[in-house]
Structure formats: structure tokens, C-alpha cells
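Asker: Below is the file data_6.pdb, with PDB, C-alpha atoms.
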ATOM      1  CA  MET A   1      -3.921   0.716   4.799
ATOM      2  CA  LEU A   2      -3.723  -1.770   1.929
ATOM      3  CA  GLN A   3      -0.487  -3.075   0.490
ATOM      4  CA  VAL A   4      -0.668  -4.800  -2.896
ATOM      5  CA  ASP A   5       2.021  -7.239  -4.002
ATOM      6  CA  ILE A   6       2.316  -8.572  -7.544
ATOM      7  CA  ASP A   7       3.671 -12.000  -8.507
ATOM      8  CA  THR A   8       4.058 -12.807 -12.190
ATOM      9  CA  ARG A   9       3.629 -16.424 -13.257
ATOM     10  CA  ASP A  10       3.618 -18.228 -16.550
ATOM     11  CA  GLY A  11       0.205 -17.516 -18.035
ATOM     12  CA  GLY A  12      -0.884 -14.908 -15.545
ATOM     13  CA  THR A  13      -0.427 -12.628 -12.598
ATOM     14  CA  VAL A  14      -1.181 -13.003  -8.907
ATOM     15  CA  VAL A  15      -2.287  -9.846  -7.099
ATOM     16  CA  ILE A  16      -2.031 -10.082  -3.314
ATOM     17  CA  PRO A  17      -3.830  -7.332  -1.391
ATOM     18  CA  ARG A  18      -2.750  -7.262   2.272
ATOM     19  CA  GLY A  19      -4.936  -5.439   4.753
ATOM     20  CA  ARG A  20      -8.324  -3.794   4.289
ATOM     21  CA  LEU A  21      -9.911  -3.305   0.859
ATOM     22  CA  THR A  22     -12.225  -0.385   1.611
ATOM     23  CA  MET A  23     -13.449   2.907   0.225
ATOM     24  CA  VAL A  24     -10.070   4.416   1.115
ATOM     25  CA  SER A  25      -8.016   1.855  -0.844
ATOM     26  CA  ALA A  26     -10.416   0.644  -3.559
ATOM     27  CA  LYS A  27      -9.425   3.199  -6.208
ATOM     28  CA  SER A  28      -5.682   2.568  -5.948
ATOM     29  CA  PHE A  29      -6.311  -1.210  -5.864
ATOM     30  CA  ARG A  30      -8.423  -0.982  -9.027
ATOM     31  CA  GLU A  31      -5.752   1.109 -10.761
ATOM     32  CA  THR A  32      -3.022  -1.371  -9.796
ATOM     33  CA  VAL A  33      -4.994  -4.366 -11.067
ATOM     34  CA  THR A  34      -6.018  -2.545 -14.243
ATOM     35  CA  ALA A  35      -2.365  -1.746 -14.960
ATOM     36  CA  GLU A  36      -1.513  -5.454 -14.598
ATOM     37  CA  ILE A  37      -4.383  -6.404 -16.898
ATOM     38  CA  ASP A  38      -3.187  -3.897 -19.493
ATOM     39  CA  ARG A  39       0.357  -5.278 -19.267
ATOM     40  CA  GLY A  40      -0.676  -8.883 -19.893
ATOM     41  CA  SER A  41      -3.709  -8.637 -22.137
ATOM     42  CA  GLY A  42      -5.536 -11.933 -22.450
ATOM     43  CA  GLU A  43      -3.995 -13.459 -19.357
ATOM     44  CA  ILE A  44      -5.468 -14.633 -16.108
ATOM     45  CA  VAL A  45      -5.246 -12.372 -13.076
ATOM     46  CA  VAL A  46      -5.738 -14.142  -9.754
ATOM     47  CA  VAL A  47      -6.491 -12.009  -6.713
ATOM     48  CA  ASP A  48      -5.188 -13.902  -3.675
ATOM     49  CA  LEU A  49      -7.434 -12.705  -0.842
ATOM     50  CA  SER A  50      -5.855 -14.805   1.900
ATOM     51  CA  GLN A  51      -4.187 -11.696   3.375
ATOM     52  CA  THR A  52      -7.216  -9.424   2.942
ATOM     53  CA  GLU A  53      -8.740  -9.108   6.382
ATOM     54  CA  PHE A  54     -11.734  -6.936   5.443
ATOM     55  CA  VAL A  55     -13.642  -5.838   2.345
ATOM     56  CA  ASP A  56     -16.504  -3.347   2.115
ATOM     57  CA  SER A  57     -18.891  -2.430  -0.707
ATOM     58  CA  SER A  58     -16.291  -0.184  -2.367
ATOM     59  CA  GLY A  59     -13.808  -3.056  -2.311
ATOM     60  CA  LEU A  60     -16.393  -5.362  -3.871
ATOM     61  CA  GLY A  61     -17.077  -2.737  -6.519
ATOM     62  CA  ALA A  62     -13.358  -2.589  -7.304
ATOM     63  CA  LEU A  63     -13.224  -6.385  -7.713
ATOM     64  CA  VAL A  64     -16.232  -6.355 -10.052
ATOM     65  CA  ALA A  65     -14.744  -3.474 -12.079
ATOM     66  CA  CYS A  66     -11.463  -5.389 -12.396
ATOM     67  CA  LEU A  67     -13.357  -8.508 -13.543
ATOM     68  CA  LYS A  68     -15.091  -6.457 -16.240
ATOM     69  CA  THR A  69     -11.795  -4.913 -17.383
ATOM     70  CA  ALA A  70     -10.092  -8.315 -17.524
ATOM     71  CA  ARG A  71     -12.858  -9.878 -19.589
ATOM     72  CA  GLN A  72     -13.009  -6.922 -21.967
ATOM     73  CA  SER A  73      -9.300  -7.407 -22.651
ATOM     74  CA  GLY A  74      -9.793 -11.102 -23.432
ATOM     75  CA  GLY A  75      -8.591 -12.377 -20.065
ATOM     76  CA  ASP A  76     -10.170 -13.318 -16.782
ATOM     77  CA  LEU A  77      -9.997 -12.322 -13.130
ATOM     78  CA  ARG A  78     -10.342 -15.016 -10.492
ATOM     79  CA  LEU A  79     -10.427 -14.870  -6.714
ATOM     80  CA  ALA A  80      -8.461 -17.276  -4.542
ATOM     81  CA  ALA A  81      -8.347 -18.179  -0.859
ATOM     82  CA  PRO A  82     -10.639 -15.485   0.541
ATOM     83  CA  SER A  83     -10.495 -14.927   4.290
ATOM     84  CA  GLU A  84     -13.526 -15.776   6.410
ATOM     85  CA  GLN A  85     -14.828 -12.180   6.422
ATOM     86  CA  VAL A  86     -14.401 -11.805   2.656
ATOM     87  CA  THR A  87     -16.140 -15.154   2.056
ATOM     88  CA  MET A  88     -19.050 -14.018   4.232
ATOM     89  CA  VAL A  89     -19.427 -10.690   2.380
ATOM     90  CA  LEU A  90     -19.225 -12.382  -1.031
ATOM     91  CA  GLY A  91     -21.947 -14.806   0.061
ATOM     92  CA  LEU A  92     -24.222 -12.144   1.552
ATOM     93  CA  THR A  93     -24.062 -10.107  -1.651
ATOM     94  CA  ASN A  94     -24.305 -13.177  -3.937
ATOM     95  CA  LEU A  95     -21.102 -12.019  -5.639
ATOM     96  CA  ASP A  96     -19.664 -15.456  -4.918
ATOM     97  CA  ARG A  97     -21.785 -16.598  -7.883
ATOM     98  CA  VAL A  98     -20.150 -14.056 -10.200
ATOM     99  CA  LEU A  99     -16.602 -13.953  -8.846
ATOM    100  CA  ARG A 100     -16.562 -17.672  -7.836
ATOM    101  CA  PRO A 101     -13.659 -17.797  -5.386
ATOM    102  CA  ARG A 102     -11.349 -20.810  -5.553
ATOM    103  CA  PRO A 103      -9.694 -22.376  -2.481
ATOM    104  CA  SER A 104      -6.135 -21.675  -3.668
ATOM    105  CA  VAL A 105      -4.135 -19.719  -6.237
ATOM    106  CA  ASP A 106      -3.103 -22.942  -7.990
ATOM    107  CA  GLU A 107      -6.745 -24.018  -8.357
ATOM    108  CA  ALA A 108      -7.668 -20.587  -9.703
ATOM    109  CA  PHE A 109      -5.081 -20.972 -12.470
ATOM    110  CA  ARG A 110      -6.266 -24.539 -13.253
ATOM    111  CA  ASP A 111      -9.948 -23.636 -13.762
TER     112      ASP A 111
END
Just give me the structure as C-alpha cells.

Answerer:
Amino acid sequence: MLQVDIDTRDGGTVVIPRGRLTMVSAKSFRETVTAEIDRGSGEIVVVDLSQTEFVDSSGLGALVACLKTARQSGGDLRLAAPSEQVTMVLGLTNLDRVLRPRPSVDEAFRD
């Protein structure tokens, strides 16, 4: 099960998925993030992955889809503080080159 918390900040939104981002939860995660992007068009959305213990290919697809949606709306989606497993999967798939995770939420907003 995946729980998604939202934290609004000046200039953007932090989305905090807690649990496993898998085929079962990817669609609802994508819908939640897309709704936040639509609410704050042109802003930065940071996905704080520090509480995400596992991600599969469907979860990666959801992250890429959210990145595309954010950029189409004039904003950006950035990853922050991925767990060890998420970092490994991003590296194995070379998505770390596209999604470029930052070490912390604050650094993601600064970039």
C-alpha cells in the first residue's frame, strides 16, 4: 500500500510517497501528482522518495509521466532523497540521467 502526503511550499509542492510505488499504486500516484501539477501550473513539484521503500517499472513509468505533465504545464518535477533501492533502480534503468535525483528536498528546490 502507498500513502501519498502533500506539502505545499512557496514556489512549489512536495509529494511524499510512503511505501511501495508499484503496478498496484502507480495509477493513483500519477493521478495525485497530476492533480497537484494542475493546481499549481508552472511550479516545481518535488517528489521526496526518502519514504519510498520500493519502486518497480510501473512506478518508474508513473514518475516519467508526471515529469512530462509537469514540463508541458511550464513547470518541473524533481526527485529528492531516493532510498537505496530506488537509487539502484534509477541507475540500472539510466533514468537517473533524466530524473536526476537530488540529495534533499531543499536542494531540489534550489536547482

Asker: Could you tell me how far atom CA of Glu36 of chain A lies from atom CA of Arg9 of chain A, in Å and to one decimal?

Answerer: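 Separation of atom CA of Glu36 of chain A and atom CA of Arg9 of chain A: 12.2 Å.
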
Asker: Using Å and a single decimal, report how far atom CA of Asp56 of chain A sits from atom CA of Met88 of chain A.

Answerer: 11.2 Å

Asker: Measuring between only C-alpha atoms, which one of A:Glu53, A:Glu43, A:Asp48, A:Asp111 shows the shortest distance to Leu2 of chain A?

Answerer: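 The shortest atom-to-atom distance to Leu2 of chain A comes from A:Glu53.
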
Asker: Carefully work through the PyMOL selection byres ((chain A and resi 108) around 12) for this structure and note down the residues it includes, as a list in words.

Answerer: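 With the shown file as input, the PyMOL selection byres ((chain A and resi 108) around 12) matches Gly11, Gly12, Thr13, Val14, Ile44, Val45, Val46, Val47, Asp48, Leu49, Asp76, Leu77, Arg78, Leu79, Ala80, Ala81, Pro82, Leu99, Arg100, Pro101, Arg102, Pro103, Ser104, Val105, Asp106, Glu107, Phe109, Arg110 and Asp111 of chain A.
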
Asker: How big is the axis-aligned box, and where does its centre sit, when it encloses all atoms of segment 76-79 of chain A listed in the file and has 8 Å added on every side, reported in Å to one decimal as JSON?

Answerer:
{"center_x": -10.2, "center_y": -13.7, "center_z": -11.7, "size_x": 16.4, "size_y": 18.7, "size_z": 26.1}

Asker: Would you mind listing what lies within 12 Å of Asp38 of chain A as a PyMOL selection string, with all atoms listed in the file counted and same-chain residues fewer than 3 positions away left out?

Answerer: chain A and resi 12-13+31-35+41-45+66+69-75

Asker: Please determine, counting only C-alpha atoms, which residue among A:Ile16, A:Leu63, A:Met1, A:Val55 has the shortest atom-to-atom distance to Arg30 of chain A.

Answerer: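 Once distances to Arg30 of chain A are computed over only C-alpha atoms, the minimum belongs to A:Leu63.
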
Asker: Please indicate the distance in Å from atom CA of Gln85 of chain A to atom CA of Ser58 of chain A, rounded to one decimal place.

Answerer: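 Atom CA of Gln85 of chain A sits 14.9 Å away from atom CA of Ser58 of chain A.
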
Asker: Could you check the closest approach to Ile6 of chain A for each of A:Arg20, A:Ser25, A:Glu84, A:Ile37 and tell me which residue wins, using only C-alpha atoms?

Answerer: A:Ile37

Asker: Taking all atoms listed in the file into account, which of A:Asp10, A:Met23, A:Val86, A:Arg39 comes nearest Gly61 of chain A?

Answerer: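 Residue with the minimum atom-to-atom distance to Gly61 of chain A: A:Met23.
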
Asker: Do a neighbour search on Ala26 of chain A at 8 Å with only C-alpha atoms, toss out local chain neighbours closer than 5 positions, and write the hits as a list in words.

Answerer: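 Selected residues are Leu21, Ser58, Gly59 and Ala62 of chain A.
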
Asker: Nearest to Leu95 of chain A: which of A:Ser57, A:Ser83, A:Thr8, A:Gln51 is it, counting only C-alpha atoms?

Answerer: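 Smallest distance to Leu95 of chain A is found for A:Ser57.
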